[in-house]
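Quick notes on the structure that follows.
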Number of protein chains: 4
Amino acid sequence: MSQPTLSLTKDLTIRFSEVDSMGVVWHGAYALYLEDAREAFGLKYGLDYMGMVARGFYVPMVDMHIRYRQPIIYGQAVTLRIDYVPTEAAKLIFEYTLTDSQTGEVLCTARTIQVFIHKSDRRLAWTCPDFYDAWKARWNIHA
Amino acid sequence: MSQPTLSLTKDLTIRFSEVDSMGVVWHGAYALYLEDAREAFGLKYGLDYMGMVARGFYVPMVDMHIRYRQPIIYGQAVTLRIDYVPTEAAKLIFEYTLTDSQTGEVLCTARTIQVFIHKSDRRLAWTCPDFYDAWKARWNIHA
Amino acid sequence: MSQPTLSLTKDLTIRFSEVDSMGVVWHGAYALYLEDAREAFGLKYGLDYMGMVARGFYVPMVDMHIRYRQPIIYGQAVTLRIDYVPTEAAKLIFEYTLTDSQTGEVLCTARTIQVFIHKSDRRLAWTCPDFYDAWKARWNIHA
Amino acid sequence: MSQPTLSLTKDLTIRFSEVDSMGVVWHGAYALYLEDAREAFGLKYGLDYMGMVARGFYVPMVDMHIRYRQPIIYGQAVTLRIDYVPTEAAKLIFEYTLTDSQTGEVLCTARTIQVFIHKSDRRLAWTCPDFYDAWKARWNIHA
């Protein structure tokens, strides 16, 4: 049986302050966009950040890899897609694609990996937290 | 008897990411510089942020007023001066002056006001916390 | 005859990265919100930043005054209102009000002043640029 | 013959605004630190950003990969090392290591790749710009 596809697509909102002196979006600002995408994904699928904190876990970033293919210009209409990547590990893995909303040209791809740490003592969770297993089951994910 | 002058002068460090598409420092970045100045002041005079948190108080900003007189260009040598403004109130008031390090021209002036809130329940402190009174006495401040 | 009221109200979008270690929005992030509001205002009323640049003017900030009344918490629904303040001077003046969307409580007020400088040589415009006069006439503003 | 090692080590300056609601440095802020390291490297070795722009090239980021191993806490003394990675391609490649200044523990490693584009028409430079070849020769780099 095929895996379900959990994903979300949203319009990117570029702020003037994110544009650098070359007139394009500063590369460091993309981390904000990925975070926005994760949060929108979390709200759609019931995996938002504050909900995970409320269940006793922080979910820090351990790996962020961004490939910039074309610059983004202030005012450009950009679409951001986030895909959940199924995994057996106690990790949250997402892939991202930014495309020009009009031409469909790919502007950037990225991948992030997060882990779970116990809020109480900041220990790493080596196995999936119960709430994450339940979430996977709910969405029929078999990694 | 005259008041002591508690102040600190430091070189401003401008980051490339703080420069906007006009090639000058983005106006919102100045809040970072003022914060850097407060922290350097705090470390010099024994009033650093984490020390105040450790004593049970958050010190949120309630008023920030920035007057931009000349743009700051990336690579420009800028000097930032911070002055403590004595007050009887349960407040921290600072004034700031940014000048061109070479010409002495004033580029920006600013003023911030912070209050004390109890970390435990986030209530506003209507009178000066003991540690702040002690700090004023130590530096011979009679507001 | 009474002045027209040019204003815009929008929902505030708070990013996780804008929340500080006290769990509230960092005071410096408000400059972003005010900028977002100006840009939304500009798009609604035909006074957007890139349009002004295209007409030959930069519009730098010369004065920003923010009064923080209540902290903003991550996830809180906040409404941001921006009002254009009529003036005879060659300035853009705006006032801002952030309120809790549910209770209506005022969380923050602010005021900004921008001037016009010629893009070509960065001279200050002492009188209103023609496009700004035309814009005022279009919206029936008599300052 | 062995390659020369072009590197630089500096103390990391963490700003309060870069700390998130978990009390650790927000993962997106690391892009700032890497940029600071590149700029310090450039000033030391004659390859600073504005100098490259003056020679007619922008040097945008095309790949940024950050591996976060341990969180960085506000106030923690952190050392940042940047290494130039020799390459025949028309690219700038750097590797970064952030360590606890006291224990030497590795907190983060990263790698960035930049390319050269002509400032005049934003075309990608397929071969090394002359100034970059000259720079390599000056530092005895044979990639």
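FYI, nothing fancy with the structure tokens labels: chains A, B, ... in order, residues from 1 per chain, ligands from 1 as they appear.
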
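Set the cut-off at 8 Å, count only C-alpha atoms, and the residues of chain B near chain D turn out to be Arg15, Phe16, Ser17, Leu32, Glu35 and Asp36 of chain B.
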
Please give the complete set of residues from range 42-119 of chain C that DSSP, run on the backbone, assigns to strand (DSSP E), formatted as a PyMOL selection string.
chain C and resi 57-58+61-68+78-84+91-100+106-115+117-118

Nearest to Asp130 in chain C, chosen from C:Gln102, C:Met52, C:Ile72, C:Ala77, with only C-alpha atoms counted in the distances:
C:Met52

Skip Gly42 in chain A itself and residues of its chain fewer than 3 positions away, then list as a PyMOL selection string all residues within 12 Å of it, counting only C-alpha atoms.
chain A and resi 6-8+35-39+45-52+82-84+92+94+135

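Atom pair CA of Ser101 in chain D / CA of Pro71 in chain D: separated by 13.9 Å.
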
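Note that the spacing between CA of Glu95 in chain D and CA of Thr112 in chain A amounts to 19.0 Å.
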
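Interatomic distance, CA of Gln76 in chain C to CA of Gly28 in chain D: 22.5 Å.
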